[in-house]
file model-v2.cif (mmCIF, C-alpha atoms and all ligand atoms)
data_data
#
loop_
_atom_site.label_atom_id
_atom_site.label_comp_id
_atom_site.auth_asym_id
_atom_site.auth_seq_id
_atom_site.Cartn_x
_atom_site.Cartn_y
_atom_site.Cartn_z
CA MET A 1 110.87 89.03 98.14
CA SER A 2 112.59 86.26 100.08
CA ILE A 3 115.09 85.34 97.34
CA ALA A 4 118.52 86.16 98.78
CA LYS A 5 120.77 83.71 96.89
CA VAL A 6 120.56 83.00 93.18
CA ALA A 7 122.51 80.41 91.17
CA ILE A 8 122.92 80.72 87.40
CA ILE A 9 123.88 77.63 85.39
CA GLY A 10 125.29 78.76 82.02
CA ALA A 11 127.25 82.04 82.11
CA GLY A 12 126.50 83.13 78.53
CA HIS A 13 124.52 86.07 77.15
CA ILE A 14 121.35 85.54 79.21
CA GLY A 15 123.00 84.16 82.38
CA ALA A 16 125.49 87.06 82.42
CA SER A 17 122.69 89.58 81.75
CA ILE A 18 120.64 88.31 84.72
CA THR A 19 123.80 88.58 86.87
CA ARG A 20 124.55 92.14 85.72
CA ALA A 21 120.92 93.20 86.15
CA ALA A 22 120.71 91.70 89.66
CA ALA A 23 123.97 93.39 90.71
CA GLU A 24 122.53 96.73 89.65
CA LYS A 25 118.91 96.40 90.75
CA LEU A 26 119.01 93.88 93.62
CA PRO A 27 122.23 94.69 95.51
CA GLY A 28 121.12 92.58 98.51
CA VAL A 29 120.91 89.42 96.39
CA SER A 30 124.06 87.31 95.86
CA VAL A 31 124.59 85.51 92.55
CA THR A 32 126.84 82.50 91.95
CA LEU A 33 127.45 81.22 88.43
CA TYR A 34 128.69 78.00 86.90
CA ASP A 35 129.42 77.20 83.24
CA GLN A 36 130.58 73.85 81.85
CA SER A 37 133.17 75.64 79.72
CA GLU A 38 136.42 76.32 81.59
CA ALA A 39 137.20 79.14 79.13
CA VAL A 40 133.85 80.78 79.96
CA ARG A 41 134.49 80.43 83.73
CA THR A 42 137.95 82.01 83.31
CA ARG A 43 136.56 84.86 81.22
CA ALA A 44 133.68 85.41 83.69
CA ARG A 45 136.26 85.78 86.50
CA GLU A 46 138.38 88.18 84.39
CA ILE A 47 135.43 90.49 83.80
CA LYS A 48 134.30 90.18 87.46
CA LEU A 49 130.89 88.86 86.56
CA GLY A 50 130.23 87.55 90.08
CA THR A 51 131.14 84.54 92.18
CA ILE A 52 132.11 81.70 89.83
CA ALA A 53 131.85 78.14 91.16
CA ASP A 54 134.12 75.34 89.90
CA ASN A 55 131.33 72.78 89.83
CA PRO A 56 127.55 72.94 89.43
CA GLN A 57 126.73 71.49 92.88
CA ASP A 58 128.70 74.18 94.74
CA ALA A 59 126.90 76.86 92.71
CA VAL A 60 123.39 75.76 93.78
CA ARG A 61 123.89 74.37 97.29
CA ASP A 62 122.38 77.28 99.29
CA ALA A 63 120.45 78.96 96.47
CA ASP A 64 116.81 80.02 96.92
CA LEU A 65 116.47 80.36 93.14
CA VAL A 66 118.37 78.38 90.47
CA ILE A 67 118.04 79.52 86.83
CA LEU A 68 119.19 77.24 84.01
CA CYS A 69 120.57 79.48 81.21
CA VAL A 70 121.91 76.83 78.81
CA PRO A 71 120.76 75.92 75.26
CA VAL A 72 117.34 74.22 75.17
CA GLY A 73 118.85 70.83 74.25
CA ALA A 74 121.19 70.99 77.29
CA MET A 75 118.52 71.77 79.93
CA GLY A 76 118.03 68.11 80.98
CA ALA A 77 121.78 67.57 81.49
CA ALA A 78 122.14 70.89 83.32
CA TYR A 79 119.33 69.88 85.72
CA GLU A 80 120.86 66.43 86.32
CA SER A 81 124.17 68.11 87.20
CA VAL A 82 122.59 70.12 90.06
CA LYS A 83 119.64 67.94 91.10
CA ASP A 84 121.18 66.28 94.17
CA ALA A 85 122.57 69.53 95.59
CA LEU A 86 119.40 71.65 95.44
CA LYS A 87 118.15 73.02 98.76
CA PRO A 88 114.72 71.62 99.74
CA GLY A 89 112.12 74.30 98.93
CA ALA A 90 114.32 75.94 96.27
CA ILE A 91 112.75 77.43 93.15
CA LEU A 92 114.14 75.99 89.91
CA SER A 93 113.58 78.00 86.73
CA ASP A 94 115.00 78.30 83.21
CA VAL A 95 115.12 80.82 80.36
CA GLY A 96 114.76 78.44 77.40
CA SER A 97 113.12 79.78 74.23
CA VAL A 98 110.98 76.59 74.01
CA LYS A 99 108.93 75.42 76.99
CA GLY A 100 107.31 72.05 76.15
CA ALA A 101 110.62 70.29 75.45
CA VAL A 102 112.31 71.73 78.55
CA ILE A 103 109.41 70.61 80.77
CA GLU A 104 109.64 67.17 79.15
CA ALA A 105 113.40 67.00 79.88
CA ILE A 106 113.22 68.03 83.55
CA LYS A 107 111.58 65.76 86.09
CA PRO A 108 111.84 67.93 89.22
CA ARG A 109 112.51 66.54 92.68
CA ALA A 110 109.32 66.43 94.81
CA ASP A 111 110.70 68.88 97.40
CA ILE A 112 111.49 71.76 95.00
CA PHE A 113 109.33 74.06 92.86
CA PHE A 114 109.98 74.08 89.10
CA VAL A 115 108.63 77.26 87.47
CA PRO A 116 109.74 77.50 83.80
CA GLY A 117 109.99 80.85 82.02
CA HIS A 118 111.26 82.72 78.97
CA PRO A 119 112.46 86.32 78.85
CA LEU A 120 111.65 87.84 75.44
CA ALA A 121 114.92 89.72 75.31
CA GLY A 122 118.27 89.04 73.73
CA THR A 123 120.70 90.08 71.05
CA GLU A 124 122.66 88.15 68.43
CA GLN A 125 125.64 88.07 70.85
CA SER A 126 126.62 85.14 73.06
CA GLY A 127 129.04 84.46 75.91
CA PRO A 128 129.77 86.21 79.23
CA ASP A 129 130.97 89.47 77.62
CA ALA A 130 127.47 89.93 76.20
CA GLY A 131 125.95 90.38 79.67
CA LEU A 132 123.84 93.57 79.71
CA ALA A 133 122.38 94.97 82.94
CA HIS A 134 119.53 96.66 81.05
CA LEU A 135 118.61 93.78 78.72
CA PHE A 136 115.30 92.96 80.40
CA GLU A 137 114.00 96.48 81.00
CA ASN A 138 110.45 96.84 79.67
CA ARG A 139 110.75 93.48 77.91
CA TRP A 140 108.31 90.62 78.49
CA MET A 141 109.16 87.75 80.81
CA ILE A 142 106.70 84.94 80.16
CA VAL A 143 106.27 82.62 83.14
CA THR A 144 104.83 79.22 82.17
CA PRO A 145 103.79 77.51 85.43
CA LEU A 146 103.18 73.77 85.62
CA ASP A 147 99.94 72.19 86.74
CA ASP A 148 101.17 71.85 90.33
CA PRO A 149 98.44 71.57 93.01
CA ARG A 150 100.68 72.39 96.02
CA THR A 151 99.67 75.65 97.72
CA GLU A 152 103.35 76.67 98.05
CA TYR A 153 103.71 76.39 94.27
CA GLN A 154 101.69 79.58 93.71
CA ALA A 155 103.98 81.38 96.17
CA ALA A 156 107.00 80.18 94.15
CA VAL A 157 105.43 81.52 90.93
CA GLU A 158 104.87 84.86 92.67
CA GLN A 159 108.48 84.96 93.97
CA LEU A 160 109.89 84.31 90.49
CA THR A 161 107.58 86.96 89.00
CA GLN A 162 108.73 89.53 91.60
CA PHE A 163 112.37 88.70 90.85
CA TRP A 164 111.92 89.43 87.13
CA ARG A 165 109.92 92.59 87.81
CA ALA A 166 112.79 93.80 90.00
CA LEU A 167 115.11 93.30 86.98
CA GLY A 168 112.85 95.67 85.03
CA ALA A 169 110.81 93.14 83.03
CA ARG A 170 107.06 93.15 82.39
CA THR A 171 105.65 89.75 83.27
CA ASP A 172 102.87 87.57 81.98
CA THR A 173 101.85 83.95 82.52
CA MET A 174 100.97 81.54 79.75
CA ALA A 175 100.41 77.79 79.37
CA PRO A 176 103.62 76.16 78.02
CA ALA A 177 101.95 74.82 74.83
CA ARG A 178 100.43 78.24 74.08
CA HIS A 179 103.86 79.84 74.57
CA ASP A 180 105.43 77.47 72.02
CA THR A 181 102.75 78.24 69.39
CA VAL A 182 102.94 82.02 69.87
CA LEU A 183 106.75 82.07 69.85
CA ALA A 184 106.84 79.92 66.70
CA VAL A 185 105.01 82.79 64.94
CA VAL A 186 106.73 85.85 66.42
CA SER A 187 110.29 84.56 66.83
CA HIS A 188 111.18 81.07 65.63
CA LEU A 189 109.81 81.31 62.05
CA PRO A 190 111.34 84.80 61.46
CA HIS A 191 114.76 83.43 62.53
CA LEU A 192 114.37 80.40 60.25
CA ILE A 193 113.52 82.66 57.31
CA ALA A 194 116.42 85.03 58.07
CA TYR A 195 118.95 82.16 58.23
CA ASN A 196 117.72 80.83 54.91
CA ILE A 197 117.61 84.15 53.06
CA VAL A 198 121.17 84.96 54.11
CA ALA A 199 122.36 81.43 53.21
CA MET A 200 120.65 81.75 49.81
CA ALA A 201 122.40 85.07 49.09
CA GLU A 202 125.75 83.53 50.08
CA ASP A 203 125.20 80.54 47.79
CA LEU A 204 124.02 82.49 44.71
CA GLU A 205 126.62 82.62 41.98
CA ALA A 206 124.63 85.26 40.06
CA VAL A 207 125.17 87.86 42.80
CA ASN A 208 128.60 88.42 44.28
CA GLU A 209 129.30 89.28 47.91
CA HIS A 210 130.35 92.82 47.04
CA GLU A 211 126.96 93.49 45.44
CA VAL A 212 125.09 91.98 48.40
CA VAL A 213 126.94 94.24 50.84
CA LYS A 214 126.85 97.33 48.62
CA TYR A 215 123.18 97.24 47.71
CA SER A 216 121.65 95.65 50.82
CA ALA A 217 118.82 97.89 51.95
CA SER A 218 117.87 98.00 55.60
CA GLY A 219 115.50 95.01 55.28
CA PHE A 220 118.27 92.64 54.18
CA ARG A 221 120.67 94.12 56.73
CA ASP A 222 118.16 93.25 59.46
CA PHE A 223 118.08 89.67 58.15
CA THR A 224 121.89 89.44 58.35
CA ARG A 225 121.82 90.70 61.97
CA ILE A 226 119.23 88.09 62.96
CA ALA A 227 121.13 85.36 61.08
CA ALA A 228 124.28 86.24 63.04
CA SER A 229 122.67 84.70 66.18
CA ASP A 230 124.26 81.62 67.73
CA PRO A 231 123.51 78.63 65.45
CA ILE A 232 123.64 76.09 68.31
CA MET A 233 121.03 77.93 70.34
CA TRP A 234 118.76 78.23 67.30
CA ARG A 235 119.31 74.65 66.12
CA ASP A 236 118.02 73.58 69.56
CA VAL A 237 115.00 75.91 69.31
CA PHE A 238 113.97 74.62 65.85
CA LEU A 239 114.45 70.94 66.74
CA ASN A 240 112.66 71.28 70.09
CA ASN A 241 109.66 73.23 68.77
CA LYS A 242 109.52 71.32 65.49
CA GLU A 243 105.76 70.75 65.37
CA ALA A 244 104.73 74.39 65.89
CA VAL A 245 107.48 75.75 63.61
CA LEU A 246 106.53 73.33 60.79
CA GLU A 247 102.86 74.22 61.19
CA MET A 248 103.62 77.96 60.89
CA LEU A 249 105.98 77.29 57.99
CA GLY A 250 103.05 75.56 56.26
CA PHE A 251 100.82 78.64 56.71
CA PHE A 252 103.66 80.87 55.51
CA THR A 253 104.30 78.79 52.38
CA GLU A 254 100.59 78.76 51.55
CA GLY A 255 100.46 82.55 51.88
CA LEU A 256 103.51 82.94 49.68
P1 LIG B 1 125.12 81.35 75.29
O1 LIG B 1 125.56 82.77 75.32
O2 LIG B 1 125.67 80.44 74.23
O3 LIG B 1 125.42 80.69 76.73
C1 LIG B 1 125.10 79.37 77.09
C2 LIG B 1 126.21 78.83 77.98
O4 LIG B 1 125.75 77.61 78.60
C3 LIG B 1 127.49 78.45 77.21
O5 LIG B 1 128.62 79.04 77.83
C4 LIG B 1 127.52 76.92 77.33
O6 LIG B 1 128.82 76.37 77.33
C5 LIG B 1 126.86 76.71 78.66
N1 LIG B 1 126.37 75.36 78.87
C6 LIG B 1 125.86 74.46 77.97
N2 LIG B 1 125.50 73.31 78.59
C7 LIG B 1 125.78 73.47 79.91
C8 LIG B 1 125.62 72.65 81.06
N3 LIG B 1 125.08 71.42 80.99
N4 LIG B 1 126.03 73.13 82.27
C9 LIG B 1 126.58 74.37 82.37
N5 LIG B 1 126.76 75.21 81.31
C10 LIG B 1 126.35 74.76 80.09
O7 LIG B 1 123.52 81.23 75.16
P2 LIG B 1 122.37 82.29 75.56
O8 LIG B 1 122.11 83.19 74.41
O9 LIG B 1 122.69 82.85 76.90
O10 LIG B 1 121.10 81.30 75.64
C11 LIG B 1 120.85 80.54 76.81
C12 LIG B 1 119.38 80.15 76.87
O11 LIG B 1 118.59 81.34 76.84
C13 LIG B 1 118.88 79.28 75.72
O12 LIG B 1 118.06 78.26 76.22
C14 LIG B 1 118.06 80.22 74.85
O13 LIG B 1 117.01 79.55 74.21
C15 LIG B 1 117.56 81.22 75.89
N6 LIG B 1 117.28 82.57 75.39
C16 LIG B 1 118.17 83.18 74.55
C17 LIG B 1 117.91 84.46 74.07
C18 LIG B 1 118.88 85.16 73.12
O14 LIG B 1 118.46 86.04 72.37
N7 LIG B 1 120.14 84.79 73.13
C19 LIG B 1 116.74 85.14 74.48
C20 LIG B 1 115.87 84.50 75.39
C21 LIG B 1 116.15 83.21 75.83
P3 LIG B 1 129.39 75.65 75.96
O15 LIG B 1 129.66 76.79 75.03
O16 LIG B 1 130.59 74.91 76.42
O17 LIG B 1 128.29 74.74 75.45
#
call {"tool": "encode", "arguments": {"input": "model-v2.cif", "output": "structure tokens", "more": "lines below"}}
Ligand code: NAP
result
Amino acid sequence: MSIAKVAIIGAGHIGASITRAAAEKLPGVSVTLYDQSEAVRTRAREIKLGTIADNPQDAVRDADLVILCVPVGAMGAAYESVKDALKPGAILSDVGSVKGAVIEAIKPRADIFFVPGHPLAGTEQSGPDAGLAHLFENRWMIVTPLDDPRTEYQAAVEQLTQFWRALGARTDTMAPARHDTVLAVVSHLPHLIAYNIVAMAEDLEAVNEHEVVKYSASGFRDFTRIAASDPIMWRDVFLNNKEAVLEMLGFFTEGL
């Protein structure tokens, strides 16, 4: 693998987990992070997450691989903030839970290789303290390559795949549109239902909070764990995969 320098934009749960995993499993690879939040950058330094840059351009300047780890709705802005500093030939990737909208938002420079992806791993936690070195072990990383005819593009896909395998993930490739349909069924709709069931229980006057906590069986407790996920991240997922989520919601309602 010829990836020696990695830049992570967004030092939250997923960005910090990639950093921790790389430190453990790829000791020869250096990782530099940047986050737009000064509080996150300060915290990342306190917990010795890695090298923290003060601006996005410095983070990516020499990087062989740049991974955008920001909410789906912020991917376009994150790319714009690093675009002019990317090394020619660099691989640009992302971890967004929706692929079509991210590909729509990023118009890559002609001299780089944009290979989108989505690791199917995560918890309800967010922020740099939620970085887990083992998060990706035996979990799927779905790589969603573009229709790029350049011969070097296939090599970039292979490099990214090797990087994720080295972090312990199982990898697969899928067309971006297929990814968004499949994930609407297995992830996005279940989160939407969990948020709404928990909100309904909170709003019900007939059942008080004490009863909800006291009598919640494991099924409802699982819903509350899922509904504790970051609302900004999930708002972006629902809004950016609206068509597929609404279609699946239609099938679900019919079944009900
Ligand atoms: P997170 O813990 O909230 O971290 C995201 C970080 O990105 C925040 O610190 C945020 O700062 C920062 N950020 C936002 N816009 C930025 C920009 N333009 N430049 C630099 N930093 C920026 O979120 P996460 O859970 O790691 O999720 C990140 C991505 O991974 C999302 O696209 C999500 O769909 C995907 N993903 C998540 C999971 C999961 O289970 N969590 C699993 C797989 C994939 P502010 O707080 O200031 O906005």
call {"tool": "residues_around", "arguments": {"input": "model-v2.cif", "residues": "A:Val245", "least_positions_apart": "5", "cutoff": "12 Å", "atoms": "only C-alpha atoms", "output": "VMD selection string"}}
result
chain A and resid 98 180 to 193 237 to 240 250 to 252
call {"tool": "closest_residue", "arguments": {"input": "model-v2.cif", "among": "A:Lys99, A:Asp148, A:Val198, A:Ser218", "to": "A:His179", "atoms": "all atoms listed in the file"}}
result
A:Lys99
call {"tool": "residues_around", "arguments": {"input": "model-v2.cif", "residues": "A:Arg235", "least_positions_apart": "6", "cutoff": "12 Å", "atoms": "only C-alpha atoms", "output": "ChimeraX atom specification"}}
result
/A:71-74,97-98,188,191-192,195,227,229,241-242
call {"tool": "residues_near_ligand", "arguments": {"input": "model-v2.cif", "ligand": "ligand LIG 1 (chain B)", "cutoff": "7 Å", "atoms": "only C-alpha atoms and all ligand atoms", "output": "NGL selection string"}}
result
:A and (9-15 or 34-37 or 40 or 69-72 or 74-75 or 77-78 or 95-98 or 118-128 or 230 or 233 or 237)
call {"tool": "atom_distance", "arguments": {"input": "model-v2.cif", "atom1": "atom CA of A:Thr161", "atom2": "atom CA of A:Ala110"}}
result
21.4 Å
call {"tool": "atom_distance", "arguments": {"input": "model-v2.cif", "atom1": "atom CA of A:Glu24", "atom2": "atom CA of A:Ala169"}}
result
13.9 Å
